[in-house]
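Each remark here refers to the structure printed beneath this line.
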Number of protein chains: 2
Amino acid sequence: MRDNMDDIDKDEKLEMMRHSTAHVMAEAVQSMFPDAKFGIGPTIEDGFYYDFGLPRSLTPEDLPGIEAKMKEIVKANLPFIKEMVTKDEARKLFAKQPYKLELIEELREEQVTIYKQGNFTDMCRGPHVKYTGSIKAFKLMSIAGAYWRGSEKNTMLQRIYGIAFSTQKELDEYLAKIEEAKRRDHRKLGKDLDLFLIPEEIGGGLVVYTPKGGRIRTTIEDFWRKEHFANGYEILYTPHIGLSKLWETSGHLGFYRENMYSPMSIDEQDYYIKPMNCPFHILAYKSRIRSYRELPLRWAELGTVYRYEMSGVLSGLLRVRGFTQDDAHIFCTPEQMSSELSEVLRFSLHMLDTFGFPKYKVYLSTRPHDAVGEPQRWEDAQTELRRVIDESKLDYKVDEGGGAFYGPKIDIKIEDALGREWQTTTIQFDFNLPERFDMTYMGADGKEHRPYMIHRALFGAWERFFGLLIEQCAGAFPVWYAPVQATIIPISDQHLNYARKVEAELKAAGIRVEVNDSNERMNQKVREAQLQKIPYMLVVGEKESANNTVAVRLRSGEQLPVMSLEEFKAKIKQMIDNRVNELKP
Amino acid sequence: MRDNMDDIDKDEKLEMMRHSTAHVMAEAVQSMFPDAKFGIGPTIEDGFYYDFGLPRSLTPEDLPGIEAKMKEIVKANLPFIKEMVTKDEARKLFAKQPYKLELIEELREEQVTIYKQGNFTDMCRGPHVKYTGSIKAFKLMSIAGAYWRGSEKNTMLQRIYGIAFSTQKELDEYLAKIEEAKRRDHRKLGKDLDLFLIPEEIGGGLVVYTPKGGRIRTTIEDFWRKEHFANGYEILYTPHIGLSKLWETSGHLGFYRENMYSPMSIDEQDYYIKPMNCPFHILAYKSRIRSYRELPLRWAELGTVYRYEMSGVLSGLLRVRGFTQDDAHIFCTPEQMSSELSEVLRFSLHMLDTFGFPKYKVYLSTRPHDAVGEPQRWEDAQTELRRVIDESKLDYKVDEGGGAFYGPKIDIKIEDALGREWQTTTIQFDFNLPERFDMTYMGADGKEHRPYMIHRALFGAWERFFGLLIEQCAGAFPVWYAPVQATIIPISDQHLNYARKVEAELKAAGIRVEVNDSNERMNQKVREAQLQKIPYMLVVGEKESANNTVAVRLRSGEQLPVMSLEEFKAKIKQMIDNRVNELKP
């Protein structure tokens with residue numbers, strides 16, 4: 001979003017500079033390959049590319065040479081000269097450039113704009129910087145094949161990607177950010193640490209949790225269940241498929257069909273795999289007459305749902321087709337609605353805080369034009385949503401009219417270590433389903449009333465949340481949910497007995513510990529444990545065996561003072577029980 | 001199964017007596033309705049029925065009158081007289097009996113056997129008892145409509161069902177068993193205790209666990225996970241759908257298709273909802289090269305699968321279409337196979353024992369003719385299966401040639417309180433899937449080897465296991481998994497404060513407790529708690545508030561000595577932690 005004119009100038013200047021850098025790159029390539037044919041060279045986010053037809057394939061080793069030539073051109077501070085020529089003149093100018101000729105034929109104007117710098121002339125609308133010397137900081141990043149005009153029917157050209165910034169500092173920061181993103185990429189870490197798979201044999205966006213990822217999921221789900229029970233929720237389990245009639249009643253086949261899979265036929269009836277859990281919870285509600293005395297009902301489920309996503313947008317754990325929502329529905333009276341909302345926001349923040357995310361962004365979305373439900377209920381709900389966010393003292397943005405047609409909502413997005421925003425928690429009113437399913441409760445007045453219904457997910461989708469956790473800590477999980485909490489490394493075979501004793505004692509205390517009894521050397525075992533990002537390494541040798549102690553090493557490489565086994569056990573237990581996200585006891 | 005000639009005689013005598021009782025009932029009905037038309041009157045399990053065409057509808061109030069008339073006939077000790085007549089004679093004898101005439105026309109023999117006792121003559125092959133006095137104990141149970149010869153096109157007759165036994169004692173025992181079965185019926189208890197639903201809106205055989213059933217499931221699954229981790233298992237999570245190609249590779253589309261649902265289409269590819277978890281675990285195994293050093297792998301999953309069952313056979317929780325298997329796959333070397341089997345049987349029995357089932361039956365099924373896999377592996381596997389059962393000291397039966405085509409297996413069936421057998425645990429070798437998926441591990445010799453694969457489920461299907469648990473304890477769950485473990489009943493409103501204090505203290509100790517603060521009278525609250533089968537009622541009044549004690553009442557109505565709150569807390573905690581199935585501390 002652009003906030004003021006300075007920013008616009010700045011953005012446009014940067015854009016112009018990036019485009020000019022593409023021309024400079026083209027000139028450099030032309031100096032290396034005088035017969036080069038030129039495609040197009042636009043700007044993209046953070047940089048630019050240019051497509052070339054060349055007599056041989058480029059390799060990454062060619063890039064420094066091209067960069068060096070570009071630096072010469074920049075240093076020479078050549079002017080960019082704009083000229084207008086007729087189409088005929090252009091045809092002559094680009095007589096040896098088939099791609100440019102093709103573009104010329106498609107121009108509707110009779111006049112063609114060209115830009116020249118040094119020995120290079122390009123057909124281009126501009127604008128450009130005045131002199132090549134205005135180009136401040138750039139780097140060529142990669143080479144890729146690209147069909148001319150994106151069509152498989154055309155020639156394959158060679159594309160060079162580059163980045164450019166106003167200052168070297170910005171460029172360095174960008175490179176560091178990319179390195180950091182690579183280091184934290186949950187897809188790579190998922191493989192390196194053996195946490196999960198998305199096997200193509202099963203199909204896109206469908207996740208298998210292998211033992212270590214499964215252990216993390218079990219640990220966090222255990223925590224989730226415990227917290228939910230402690231906070232007055234009950235846990236339901238519902239099927240993954242349901243009859244088409246149910247999805248008609250709920251309206252999903254009307255307004256959500258494009259996200260649903262095609263039906264399965266059972267005994268000549270159509271069943272759909274569920275995209276949401278709500279209709280099942282509503283049937284449970286409606287299984288008997290409800291009294292105001294029973295409300296509020298807070299019903300949660302770790303419900304695995306399946307939604308269609310285009311295969312092109314699937315991305316590791318962050319965008320999948322099958323995912324487990326940490327879903328809940330709250331059914332309450334109008335009188336209870338305000339306190340339920342306070343409670344659900346408090347609970348959401350408590351859950352997110354447990355994982356140590358550094359920053360939240362809160363969004364409130366209000367009544368759109370095509371809303372269903374009583375306007376007064378909308379008004380009341382929005383007033384209360386504002387109130388609870390205000391009370392939380394969190395910054396928030398209001399998206400006026402941006403609510404779903406069925407109700408207003410709060411979304412919480414967490415900012416990861418790279419500053420990217422991801423939606424996790426959502427708290428949504430629903431004025432639609434209680435009407436469609438004619439949900440009621442008997443009031444103290446002996447009459448039927450319509451309950452409030454609030455949908456809510458704290459982690460959102462477990463898959464995405466897990467992806468964020470991996471990136472957030474770069475795979476170095478806090479000890480409380482690390483799949484292996486400590487590895488015991490005997491200095492030599494002689495200390496294996498003591499290592500087993502330490503293992504048994506820690507296991508008895510419920511700690512996930514393993515002994516590395518392989519034939520490798522100690523240093524190699526330490527390195528392996530560090531690669532596996534195991535929180536604690538307990539190195540045990542002569543002295544430790546004799547004194548019933550352990551030499552504790554953190555995965556950072558830091559060495560803690562030698563401590564008694566008892567002391568270590570007490571410390572690690574305390575950290576696990578209190579879900580401490582730091583490692584140093 | 002018949003074991004000797006005495007049993008055969010006994011069975012045949014009983015059968016004969018039941019058949020004769022049907023004739024006596026027909027005579028009694030004839031004495032009440034001289035124009036009665038007679039259908040057929042065969043024996044069935046435990047008794048008999050007879051179909052009648054009558055001038056008016058029978059009501060249950062008619063049965064005692066018919067029974068009284070039958071008793072007179074029995075007391076008169078009339079002989080059953082067998083005669084042979086020609087078809088023509090039979091046509092005259094049954095001239096007013098259209099159903100009998102129809103049957104006569106279908107007889108291939110020229111001679112017709114008839115039996116007479118008293119005023120009643122029936123066309124019947126016999127045999128019968130010699131005198132009506134041999135009929136010892138019978139009871140008429142119910143009336144139902146039944147089409148002549150079972151066809152909707154025919155007249156609707158009235159059927160009377162009866163039971164008959166050799167002694168009054170046996171009949172009384174049978175009636176008590178039926179009463180007991182009704183009392184324990186998990187479908188009725190599921191409704192009364194609000195444990196689960198099978199809503200027709202979702203579809204047949206698809207279960208929703210409502211809060212109390214959900215709480216039981218969570219508690220037992222927690223226990224299951226803990227025990228699995230403690231026994232060296234890891235837990236996987238896998239999707240509910242997979243590409244058709246995967247099910248082709250696994251062979252399920254070949255040999256299991258009739259139990260699978262029709263496919264869903266996603267991006268023009270067919271996906272099937274999973275009937276089993278195995279192919280997913282195998283893909284996880286194959287995600288990297290495995291070394292003998294990693295084996296055995298014990299991978300478990302609470303995997304919800306969907307299998308087609310005819311709607312007619314669906315029955316509460318005991319036969320469903322969607323169910324959660326407590327599945328596991330063990331992958332091991334040939335050297336490990338023997339100890340893995342011992343371990344898995346020991347673990348299975350430990351899990352079943354925890355729930356206090358009184359009796360197991362063990363079945364061993366061996367190599368069928370159409371088996372796949374190396375004969376030597378079959379031989380080794382069967383030898384080891386026999387060995388581990390022998391070691392367990394359990395009785396078992398061998399079903400020679402009754403194994404699946406892919407491997408031999410052990411099944412454990414548990415006998416419920418009514419003596420019915422239900423399969424829970426299964427331990428199956430698989431010599432098929434490792435071949436189909438070309439599973440290997442690198443041996444110590446640096447060569448590729450084929451691992452052994454063992455499928456195993458302990459509870460079997462969670463749904464069925466839960467149904468059995470409900471029937472086993474008639475809904476009076478042991479305290480460790482009872483959804484509400486104790487209810488606090490203040491004698492009057494004055495004691496509500498103390499009740500809240502007791503609640504808070506027990507909740508803090510992790511006990512599932514509630515206060516009944518409704519306006520009902522104390523006795524009503526006690527009755528409600530008993531109906532809900534809550535293990536403990538803590539009645540608190542003046543004395544208890546003053547002394548910090550609780551008056552403990554069991555759901556049986558039994559009163560325990562008053563004890564301090566501390567003492568009660570310690571006792572209930574101890575019972576929960578040790579998973580004691582009895583209530584008395």
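Here's how to read the names in the structure tokens: chain A, B, ... by the order shown, residue numbers from 1 in each chain, ligand numbers from 1 in the order shown.
Since chain A and chain B share the same sequence, their Cα atoms can be paired directly; the RMSD after superposition is 0.6 Å.
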task: Would you return as a PyMOL selection string the members of region 436-535 of chain A that DSSP assigns to helix (DSSP H, G or I) on this structure's backbone?
output: chain A and resi 436+462-472+493-508+522-531
Please build the interface table for chain B against chain A with a cut-off of 8 Å, listing for each qualifying residue the nearest atom pair and the distance in Å to one decimal; count only C-alpha atoms, order rows by chain and increasing number, and write it as a tab-separated table.
```
residue	atom	partner	partner_atom	distance
B:Leu197	CA	A:Ala284	CA	7.5
B:Pro199	CA	A:Leu283	CA	7.4
B:Glu201	CA	A:Leu246	CA	6.1
B:Ile202	CA	A:Gly242	CA	4.5
B:Gly203	CA	A:Leu243	CA	5.9
B:Leu206	CA	A:Pro239	CA	6.1
B:Val207	CA	A:Pro239	CA	6.3
B:Val208	CA	A:Thr238	CA	4.6
B:Tyr209	CA	A:Tyr237	CA	5.0
B:Thr210	CA	A:Leu236	CA	5.5
B:Pro211	CA	A:Glu234	CA	5.4
B:Gly214	CA	A:Leu236	CA	5.1
B:Arg215	CA	A:Ile235	CA	6.6
B:Thr218	CA	A:Ile235	CA	7.9
B:Glu234	CA	A:Pro211	CA	5.4
B:Ile235	CA	A:Gly214	CA	5.6
B:Leu236	CA	A:Gly214	CA	5.1
B:Tyr237	CA	A:Tyr209	CA	5.0
B:Thr238	CA	A:Val208	CA	4.6
B:Pro239	CA	A:Leu206	CA	6.0
B:Ile241	CA	A:Ile202	CA	7.5
B:Gly242	CA	A:Ile202	CA	4.5
B:Leu243	CA	A:Ile202	CA	5.2
B:Lys245	CA	A:Glu201	CA	7.4
B:Leu246	CA	A:Glu201	CA	6.0
B:Tyr261	CA	A:Ile266	CA	6.5
B:Ser262	CA	A:Met264	CA	5.2
B:Pro263	CA	A:Met264	CA	6.0
B:Met264	CA	A:Ser262	CA	5.2
B:Ser265	CA	A:Ser262	CA	5.6
B:Ile266	CA	A:Tyr261	CA	6.5
B:Phe280	CA	A:Val208	CA	7.5
B:Leu283	CA	A:Pro199	CA	7.4
B:Ala284	CA	A:Thr210	CA	6.5
B:Ser287	CA	A:Leu197	CA	7.9
B:Trp299	CA	A:Pro211	CA	7.6
B:Tyr308	CA	A:Ile266	CA	7.8
B:Gly322	CA	A:Pro239	CA	7.0
```
message: Give me the residues near Asp411 (chain B) as a VMD selection string, where near means some atom within 8 Å (using only C-alpha atoms) and where sequence neighbours in that chain fewer than 2 positions away do not count.
response: chain B and resid 362 to 364 409 413 423 to 427
message: Show me, as a PyMOL selection string, the residues that have an atom within 12 Å of Pro375 (chain B) when counting only C-alpha atoms, minus same-chain residues fewer than 5 positions from it.
response: chain B and resi 366-370+380-382+406-408+431
task: Give me the residues within 8 Å of Ala499 (chain A) as number ranges by chain, counting only C-alpha atoms and dropping any in the same chain fewer than 6 places off.
output: A: 488-490, 515, 540
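Look at region 327-336 of chain A: the protein and nucleic acid residues within 8 Å of it, using only C-alpha atoms and passing over chain neighbours fewer than 4 places away, are Asn277, Cys278, His281, Tyr292, Leu295, Pro296, Leu297, Arg298, Trp299, Ala300, Glu301, Leu302, Gly303, Glu340, Arg450, Pro451, Tyr452, Met453, Ile454, His455, Arg456, Ala457, Leu458 and Gly460 of chain A.
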Let's have the selection written as a compact mmCIF listing (two decimals), in the first residue's frame, with N, CA, C and O atoms.
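Okay, out-v1.txt is ready:
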```
# COMPACT_ATOMS: atom_id res chain seq x y z
N ASN A 277 -16.59 -28.72 9.51
CA ASN A 277 -17.18 -29.58 10.53
C ASN A 277 -18.55 -29.09 11.04
O ASN A 277 -19.26 -29.83 11.72
N CYS A 278 -18.89 -27.83 10.72
CA CYS A 278 -20.05 -27.20 11.36
C CYS A 278 -21.35 -28.01 11.28
O CYS A 278 -22.03 -28.14 12.30
N HIS A 281 -21.63 -30.63 13.98
CA HIS A 281 -21.81 -30.11 15.34
C HIS A 281 -23.25 -29.63 15.54
O HIS A 281 -23.82 -29.79 16.62
N TYR A 292 -31.76 -23.27 28.10
CA TYR A 292 -30.81 -22.17 28.38
C TYR A 292 -29.85 -22.57 29.49
O TYR A 292 -28.74 -22.06 29.59
N LEU A 295 -26.51 -23.89 28.23
CA LEU A 295 -25.64 -22.99 27.47
C LEU A 295 -24.72 -22.22 28.42
O LEU A 295 -25.08 -22.02 29.56
N PRO A 296 -23.56 -21.77 28.03
CA PRO A 296 -22.98 -21.97 26.69
C PRO A 296 -22.44 -23.38 26.50
O PRO A 296 -21.95 -23.99 27.43
N LEU A 297 -22.54 -23.87 25.26
CA LEU A 297 -21.87 -25.11 24.87
C LEU A 297 -20.64 -24.71 24.07
O LEU A 297 -20.73 -23.88 23.16
N ARG A 298 -19.51 -25.27 24.46
CA ARG A 298 -18.26 -25.00 23.73
C ARG A 298 -17.75 -26.33 23.23
O ARG A 298 -17.23 -27.12 23.99
N TRP A 299 -17.95 -26.57 21.95
CA TRP A 299 -17.65 -27.88 21.36
C TRP A 299 -16.50 -27.79 20.38
O TRP A 299 -16.60 -27.11 19.36
N ALA A 300 -15.44 -28.49 20.68
CA ALA A 300 -14.23 -28.43 19.86
C ALA A 300 -14.00 -29.76 19.15
O ALA A 300 -14.50 -30.80 19.58
N GLU A 301 -13.26 -29.70 18.08
CA GLU A 301 -12.89 -30.92 17.36
C GLU A 301 -11.61 -30.67 16.58
O GLU A 301 -11.45 -29.63 15.96
N LEU A 302 -10.72 -31.64 16.62
CA LEU A 302 -9.58 -31.63 15.70
C LEU A 302 -10.08 -32.32 14.44
O LEU A 302 -9.92 -33.52 14.27
N GLY A 303 -10.74 -31.56 13.60
CA GLY A 303 -11.47 -32.14 12.47
C GLY A 303 -10.68 -31.99 11.17
O GLY A 303 -10.37 -30.88 10.76
N GLU A 340 -18.48 -14.67 26.46
CA GLU A 340 -17.90 -15.75 25.65
C GLU A 340 -16.83 -15.20 24.70
O GLU A 340 -15.80 -15.81 24.50
N ARG A 450 -33.36 -18.33 19.45
CA ARG A 450 -32.27 -18.68 18.53
C ARG A 450 -30.95 -18.45 19.25
O ARG A 450 -30.70 -17.35 19.74
N PRO A 451 -30.08 -19.47 19.34
CA PRO A 451 -28.78 -19.23 20.00
C PRO A 451 -27.83 -18.44 19.10
O PRO A 451 -27.98 -18.43 17.88
N TYR A 452 -26.86 -17.76 19.71
CA TYR A 452 -25.71 -17.24 18.97
C TYR A 452 -24.79 -18.41 18.64
O TYR A 452 -24.66 -19.34 19.44
N MET A 453 -24.18 -18.35 17.47
CA MET A 453 -23.20 -19.38 17.10
C MET A 453 -21.90 -18.70 16.70
O MET A 453 -21.91 -17.79 15.87
N ILE A 454 -20.82 -19.12 17.34
CA ILE A 454 -19.50 -18.57 17.02
C ILE A 454 -18.60 -19.71 16.55
O ILE A 454 -18.46 -20.72 17.23
N HIS A 455 -18.04 -19.58 15.33
CA HIS A 455 -16.99 -20.51 14.87
C HIS A 455 -15.66 -19.96 15.36
O HIS A 455 -15.47 -18.75 15.38
N ARG A 456 -14.75 -20.86 15.61
CA ARG A 456 -13.45 -20.38 16.07
C ARG A 456 -12.40 -21.45 15.83
O ARG A 456 -12.64 -22.64 16.02
N ALA A 457 -11.24 -21.03 15.33
CA ALA A 457 -10.08 -21.93 15.22
C ALA A 457 -8.90 -21.15 15.76
O ALA A 457 -8.76 -19.96 15.46
N LEU A 458 -8.08 -21.77 16.58
CA LEU A 458 -6.97 -21.04 17.21
C LEU A 458 -5.71 -21.16 16.37
O LEU A 458 -5.11 -20.16 15.99
N GLY A 460 -5.84 -22.43 13.53
CA GLY A 460 -6.33 -22.36 12.15
C GLY A 460 -6.27 -23.76 11.59
O GLY A 460 -7.00 -24.64 12.01
```
message: Which of region 79-283 of chain B end up as strand (DSSP E or B) when DSSP is run on this backbone - answer as a count of residues only?
response: 58
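A straight line drawn from CA of Thr113 (chain B) to CA of Ile135 (chain B) is 21.7 Å long.
Across the structure, CA of Gly557 (chain B) and CA of Glu582 (chain B) are spaced 14.6 Å apart.
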message: Between CA of Gly47 (chain A) and CA of Met16 (chain A), what is the distance in Å, rounded to a tenth?
response: 10.5 Å
message: Env of region 142-158 of chain B: 7 Å cut, atoms = only C-alpha atoms, seq-sep filter 5 positions within chain, self excluded. Answer as a PyMOL selection string.
response: chain B and resi 51-53+60
